[in-house]
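> The file below is model00.pdb, PDB, C-alpha atoms:
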```pdb
ATOM      1  CA  MET U 197       0.000   0.000   0.000
ATOM      2  CA  VAL U 198       1.356   3.418  -0.998
ATOM      3  CA  VAL U 199       0.753   6.240   1.474
ATOM      4  CA  LYS U 200       0.591   9.642  -0.166
ATOM      5  CA  LYS U 201       2.729  12.152   1.681
ATOM      6  CA  HIS U 202       1.280  15.609   2.112
ATOM      7  CA  SER U 203       3.175  18.886   1.805
ATOM      8  CA  TYR U 204       3.153  21.704   4.377
ATOM      9  CA  TYR U 205       4.638  25.181   3.941
ATOM     10  CA  LYS U 206       4.624  28.661   5.356
ATOM     11  CA  LEU U 207       4.801  31.621   2.992
ATOM     12  CA  TYR U 208       5.295  35.336   3.546
ATOM     13  CA  LYS U 209       2.473  36.550   1.305
ATOM     14  CA  PRO U 210       3.473  39.975   0.027
ATOM     15  CA  TYR U 211       1.177  42.979  -0.152
ATOM     16  CA  GLY U 212      -0.687  43.095  -3.466
ATOM     17  CA  TYR U 213      -1.171  39.357  -4.006
ATOM     18  CA  LEU U 214      -4.365  37.300  -3.832
ATOM     19  CA  SER U 215      -4.315  34.189  -1.597
ATOM     20  CA  GLN U 216      -4.987  31.849  -4.511
ATOM     21  CA  PHE U 217      -3.092  30.039  -7.247
ATOM     22  CA  ILE U 218      -5.603  30.162 -10.111
ATOM     23  CA  ASN U 219      -7.762  33.061 -11.218
ATOM     24  CA  ASN U 220     -11.157  32.078 -12.582
ATOM     25  CA  GLN U 221     -12.664  35.564 -12.557
ATOM     26  CA  ASN U 222     -12.640  37.976 -15.485
ATOM     27  CA  LYS U 223     -12.765  41.078 -13.275
ATOM     28  CA  ARG U 224      -9.541  40.066 -11.516
ATOM     29  CA  ARG U 225      -7.622  39.207 -14.663
ATOM     30  CA  ASN U 226      -4.535  41.333 -13.923
ATOM     31  CA  LYS U 227      -4.162  40.391 -10.253
ATOM     32  CA  LYS U 228      -1.005  38.870  -8.797
ATOM     33  CA  LEU U 229      -1.428  35.276  -7.614
ATOM     34  CA  LEU U 230       0.514  32.882  -5.394
ATOM     35  CA  SER U 231       1.485  30.968  -8.544
ATOM     36  CA  ASP U 232       3.521  34.059  -9.518
ATOM     37  CA  ILE U 233       5.677  33.396  -6.441
ATOM     38  CA  ILE U 234       5.964  29.603  -6.262
ATOM     39  CA  ASP U 235       5.470  26.669  -8.583
ATOM     40  CA  PHE U 236       1.919  25.444  -8.260
ATOM     41  CA  LYS U 237       1.755  21.829  -7.139
ATOM     42  CA  GLU U 238      -1.350  19.786  -7.719
ATOM     43  CA  ASN U 239      -3.764  19.992  -4.763
ATOM     44  CA  LEU U 240      -1.728  22.731  -3.004
ATOM     45  CA  MET U 241      -4.069  25.157  -1.265
ATOM     46  CA  ALA U 242      -3.839  28.200   0.948
ATOM     47  CA  ILE U 243      -5.163  27.662   4.473
ATOM     48  CA  GLY U 244      -7.453  30.597   5.108
ATOM     49  CA  ARG U 245      -6.998  33.889   3.346
ATOM     50  CA  LEU U 246      -5.189  37.183   3.553
ATOM     51  CA  ASP U 247      -6.810  39.858   1.410
ATOM     52  CA  GLU U 248      -4.877  41.532  -1.378
ATOM     53  CA  LYS U 249      -3.914  44.521   0.768
ATOM     54  CA  SER U 250      -2.767  42.370   3.706
ATOM     55  CA  GLU U 251       0.549  40.598   4.066
ATOM     56  CA  GLY U 252       2.336  38.093   6.223
ATOM     57  CA  LEU U 253       2.046  34.478   7.247
ATOM     58  CA  LEU U 254       0.038  32.172   5.009
ATOM     59  CA  LEU U 255       0.109  28.401   5.433
ATOM     60  CA  LEU U 256      -0.091  26.133   2.386
ATOM     61  CA  THR U 257      -0.813  22.412   2.249
ATOM     62  CA  THR U 258      -2.056  19.482   0.195
ATOM     63  CA  ASP U 259      -3.760  18.064   3.326
ATOM     64  CA  GLY U 260      -7.445  19.000   3.645
ATOM     65  CA  LYS U 261      -7.674  17.682   7.226
ATOM     66  CA  PHE U 262      -4.754  19.893   8.256
ATOM     67  CA  SER U 263      -6.441  22.874   6.579
ATOM     68  CA  ASN U 264      -9.687  22.286   8.495
ATOM     69  CA  TYR U 265      -7.764  21.854  11.744
ATOM     70  CA  ILE U 266      -5.782  25.096  11.325
ATOM     71  CA  THR U 267      -8.876  27.170  10.473
ATOM     72  CA  SER U 268     -10.706  25.937  13.568
ATOM     73  CA  ALA U 269     -11.133  28.079  16.686
ATOM     74  CA  LYS U 270      -8.380  26.036  18.364
ATOM     75  CA  PHE U 271      -5.774  28.136  16.580
ATOM     76  CA  GLU U 272      -5.031  31.750  17.387
ATOM     77  CA  LYS U 273      -4.233  34.061  14.502
ATOM     78  CA  GLU U 274      -2.127  37.069  15.501
ATOM     79  CA  TYR U 275      -2.070  40.244  13.436
ATOM     80  CA  HIS U 276      -0.057  43.427  13.770
ATOM     81  CA  ALA U 277      -1.967  46.389  12.408
ATOM     82  CA  MET U 278      -0.918  49.948  11.681
ATOM     83  CA  VAL U 279      -3.932  52.111  12.415
ATOM     84  CA  ASP U 280      -4.831  55.694  11.567
ATOM     85  CA  GLY U 281      -4.262  57.847  14.651
ATOM     86  CA  VAL U 282      -2.877  57.163  18.113
ATOM     87  CA  ILE U 283      -5.073  54.367  19.416
ATOM     88  CA  THR U 284      -6.504  54.714  22.908
ATOM     89  CA  GLU U 285      -6.788  52.232  25.764
ATOM     90  CA  ASN U 286     -10.574  52.602  25.482
ATOM     91  CA  ALA U 287     -10.476  51.454  21.861
ATOM     92  CA  ILE U 288      -8.191  48.531  22.799
ATOM     93  CA  SER U 289     -10.653  47.545  25.544
ATOM     94  CA  GLN U 290     -13.542  47.609  23.062
ATOM     95  CA  LEU U 291     -11.593  45.370  20.668
ATOM     96  CA  ARG U 292     -10.826  42.897  23.481
ATOM     97  CA  ASN U 293     -14.444  42.609  24.594
ATOM     98  CA  GLY U 294     -15.980  42.060  21.180
ATOM     99  CA  ILE U 295     -17.747  44.599  19.027
ATOM    100  CA  GLN U 296     -20.480  44.569  16.471
ATOM    101  CA  ILE U 297     -19.401  44.507  12.842
ATOM    102  CA  THR U 298     -21.211  43.522   9.668
ATOM    103  CA  VAL U 299     -20.690  40.059   8.169
ATOM    104  CA  ASN U 300     -22.525  39.182   4.950
ATOM    105  CA  GLY U 301     -24.724  42.235   5.428
ATOM    106  CA  LYS U 302     -25.834  41.186   8.914
ATOM    107  CA  PRO U 303     -24.790  42.396  12.374
ATOM    108  CA  TYR U 304     -22.203  40.175  14.063
ATOM    109  CA  VAL U 305     -20.553  40.544  17.477
ATOM    110  CA  THR U 306     -16.935  39.459  17.414
ATOM    111  CA  LYS U 307     -15.647  37.019  20.017
ATOM    112  CA  SER U 308     -13.483  38.429  22.770
ATOM    113  CA  CYS U 309      -9.838  38.533  21.754
ATOM    114  CA  LYS U 310      -6.403  39.654  22.812
ATOM    115  CA  ALA U 311      -5.497  43.207  21.842
ATOM    116  CA  GLU U 312      -2.721  45.532  22.926
ATOM    117  CA  ILE U 313      -0.751  48.524  21.790
ATOM    118  CA  LEU U 314       2.413  47.418  20.028
ATOM    119  CA  GLU U 315       5.402  49.506  21.093
ATOM    120  CA  ASP U 316       8.174  47.543  19.329
ATOM    121  CA  THR U 317       7.708  47.174  15.579
ATOM    122  CA  SER U 318      11.328  46.354  14.725
ATOM    123  CA  HIS U 319      10.225  42.904  13.461
ATOM    124  CA  ILE U 320       7.939  44.438  10.823
ATOM    125  CA  LEU U 321       9.538  45.161   7.459
ATOM    126  CA  GLU U 322       9.435  48.780   6.383
ATOM    127  CA  ARG U 323       6.948  49.562   3.632
ATOM    128  CA  PHE U 324       5.636  52.987   2.661
ATOM    129  CA  VAL U 325       1.982  53.368   3.562
ATOM    130  CA  ARG U 326       1.417  57.114   3.619
ATOM    131  CA  ASP U 327       3.204  60.401   4.226
ATOM    132  CA  GLU U 328       3.497  61.571   7.845
ATOM    133  CA  LYS U 329       1.782  64.856   6.974
ATOM    134  CA  HIS U 330      -1.497  62.908   6.821
ATOM    135  CA  GLY U 331      -1.387  62.306  10.572
ATOM    136  CA  LYS U 332       0.011  60.021  13.206
ATOM    137  CA  THR U 333      -0.273  56.277  13.168
ATOM    138  CA  SER U 334       0.104  53.578  15.798
ATOM    139  CA  TRP U 335       0.490  49.802  15.845
ATOM    140  CA  ILE U 336      -1.579  47.207  17.670
ATOM    141  CA  SER U 337      -1.402  43.464  18.121
ATOM    142  CA  ILE U 338      -4.720  41.659  17.834
ATOM    143  CA  THR U 339      -5.128  37.900  18.277
ATOM    144  CA  LEU U 340      -8.311  36.199  17.083
ATOM    145  CA  THR U 341      -9.720  32.672  17.211
ATOM    146  CA  GLU U 342     -12.108  33.394  14.358
ATOM    147  CA  GLY U 343     -11.644  34.788  10.893
ATOM    148  CA  LYS U 344     -14.553  36.642   9.374
ATOM    149  CA  PHE U 345     -14.104  38.478   6.069
ATOM    150  CA  ARG U 346     -11.876  41.551   6.649
ATOM    151  CA  GLN U 347     -12.529  41.198  10.393
ATOM    152  CA  VAL U 348      -9.521  43.094  11.783
ATOM    153  CA  ARG U 349     -10.103  45.977   9.378
ATOM    154  CA  LYS U 350     -13.789  46.151  10.300
ATOM    155  CA  MET U 351     -13.014  45.992  14.026
ATOM    156  CA  THR U 352     -10.422  48.776  14.039
ATOM    157  CA  ALA U 353     -12.606  50.997  11.852
ATOM    158  CA  LYS U 354     -15.555  50.454  14.191
ATOM    159  CA  VAL U 355     -13.568  51.797  17.165
ATOM    160  CA  GLY U 356     -12.426  54.819  15.128
ATOM    161  CA  PHE U 357      -8.938  53.736  14.074
ATOM    162  CA  PRO U 358      -9.023  52.342  10.517
ATOM    163  CA  THR U 359      -6.320  49.837   9.563
ATOM    164  CA  LEU U 360      -3.706  51.194   7.171
ATOM    165  CA  ARG U 361      -1.470  48.120   7.084
ATOM    166  CA  LEU U 362      -2.124  44.553   8.243
ATOM    167  CA  VAL U 363       0.514  41.863   8.815
ATOM    168  CA  ARG U 364      -0.335  38.361  10.051
ATOM    169  CA  VAL U 365       2.598  37.253  12.197
ATOM    170  CA  ARG U 366       1.373  34.001  13.750
ATOM    171  CA  ILE U 367      -1.038  31.096  13.256
ATOM    172  CA  GLY U 368      -0.964  28.850  16.320
ATOM    173  CA  ASP U 369       2.711  27.941  16.846
ATOM    174  CA  TYR U 370       3.688  28.838  13.268
ATOM    175  CA  LYS U 371       5.379  32.252  13.148
ATOM    176  CA  LEU U 372       6.498  34.654  10.449
ATOM    177  CA  GLU U 373       9.783  35.230  12.302
ATOM    178  CA  LYS U 374      12.508  36.663  10.018
ATOM    179  CA  MET U 375      10.885  35.673   6.731
ATOM    180  CA  GLN U 376      10.926  38.169   3.864
ATOM    181  CA  PRO U 377       8.117  38.732   1.343
ATOM    182  CA  LYS U 378       7.841  35.745  -1.049
ATOM    183  CA  ASP U 379       9.903  33.457   1.236
ATOM    184  CA  LEU U 380       8.613  29.888   1.329
ATOM    185  CA  GLU U 381       9.654  27.362   4.005
ATOM    186  CA  ALA U 382       8.642  23.752   4.526
ATOM    187  CA  ILE U 383       7.077  23.133   7.955
ATOM    188  CA  ASN U 384       6.456  19.992   9.979
ATOM    189  CA  TYR U 385       3.061  18.737  11.018
TER     190      TYR U 385
END
```
Can you turn what I pasted into structure tokens?

Amino acid sequence: MVVKKHSYYKLYKPYGYLSQFINNQNKRRNKKLLSDIIDFKENLMAIGRLDEKSEGLLLLTTDGKFSNYITSAKFEKEYHAMVDGVITENAISQLRNGIQITVNGKPYVTKSCKAEILEDTSHILERFVRDEKHGKTSWISITLTEGKFRQVRKMTAKVGFPTLRLVRVRIGDYKLEKMQPKDLEAINY
């Protein structure tokens, strides 16, 4: 009996790329895809999504069971977000306790999460977002156990501090660490 071995990777998805290998939509014809970064292997899929304007850790696998396991609420997903303005402790408290956002056109209250002001951003690669003359920015760390469409962006906007840049740095025990955009590393499972 031959046992098929699955593949497991972590990728630093760069800003400006879709979290997919194949584009089947006419309106997104000129979009950058993961297949522009790495050779597409049969049955290789992204676990979860990072939207086009987000960057950071993306796990890839050929193992559907692993994908379902990683996307479950058992795994924390940690994001570092640059927000518009100097975020307040009150806003951080609101994020922690859960707030109402819209999901699929309906009101949804987010689960409680970890959120804190991020003082040290030396681990985040520099990338121009906007000129300083447009106002101050600050960074937060937010850790979720759910992943609704554009959830972090909706949450920070709801408390008055829209997200300007979003970097996923951790999924469970898998971390971005010192990876650079487009870096691909095999991982163990």
> Would you please work out which residue, of U:Gln290, U:Ser215, U:Ser263, U:Thr306, is nearest to Ile233 in chain U when using only C-alpha atoms?
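Between U:Gln290, U:Ser215, U:Ser263, U:Thr306, the residue approaching Ile233 in chain U most closely is U:Ser215.
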> Quick check, in Å to one decimal: how far apart do CA of Leu253 in chain U and CA of Tyr208 in chain U lie?
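Taking CA of Leu253 in chain U as the start and CA of Tyr208 in chain U as the end point, the length is 5.0 Å.
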> Which residue, U:Ile243, U:Val365, U:Ile295, U:Leu254, has the smallest gap to Ser268 in chain U when you use all atoms listed in the file?
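Ranked by minimum distance to Ser268 in chain U, first place goes to U:Ile243.
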> May I have the residues within 9 Å of Thr267 in chain U as a list of chain:residue names, using all atoms listed in the file and disregarding those fewer than 2 positions away in the same chain?
U:Ile243, U:Gly244, U:Phe262, U:Ser263, U:Asn264, U:Tyr265, U:Ala269, U:Lys270, U:Phe271, U:Thr341, U:Glu342, U:Gly343
> Nearest residue to Leu372 in chain U out of U:Leu255, U:Leu240, U:Ala287, U:Ile313, using all atoms listed in the file?
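Of U:Leu255, U:Leu240, U:Ala287, U:Ile313, the one nearest Leu372 in chain U is U:Leu255, counting all atoms listed in the file.
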> Quick one: pull the distance between CA of Ile297 in chain U and CA of Tyr275 in chain U, Å, one decimal.
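Result for CA of Ile297 in chain U versus CA of Tyr275 in chain U: 17.9 Å, one decimal.
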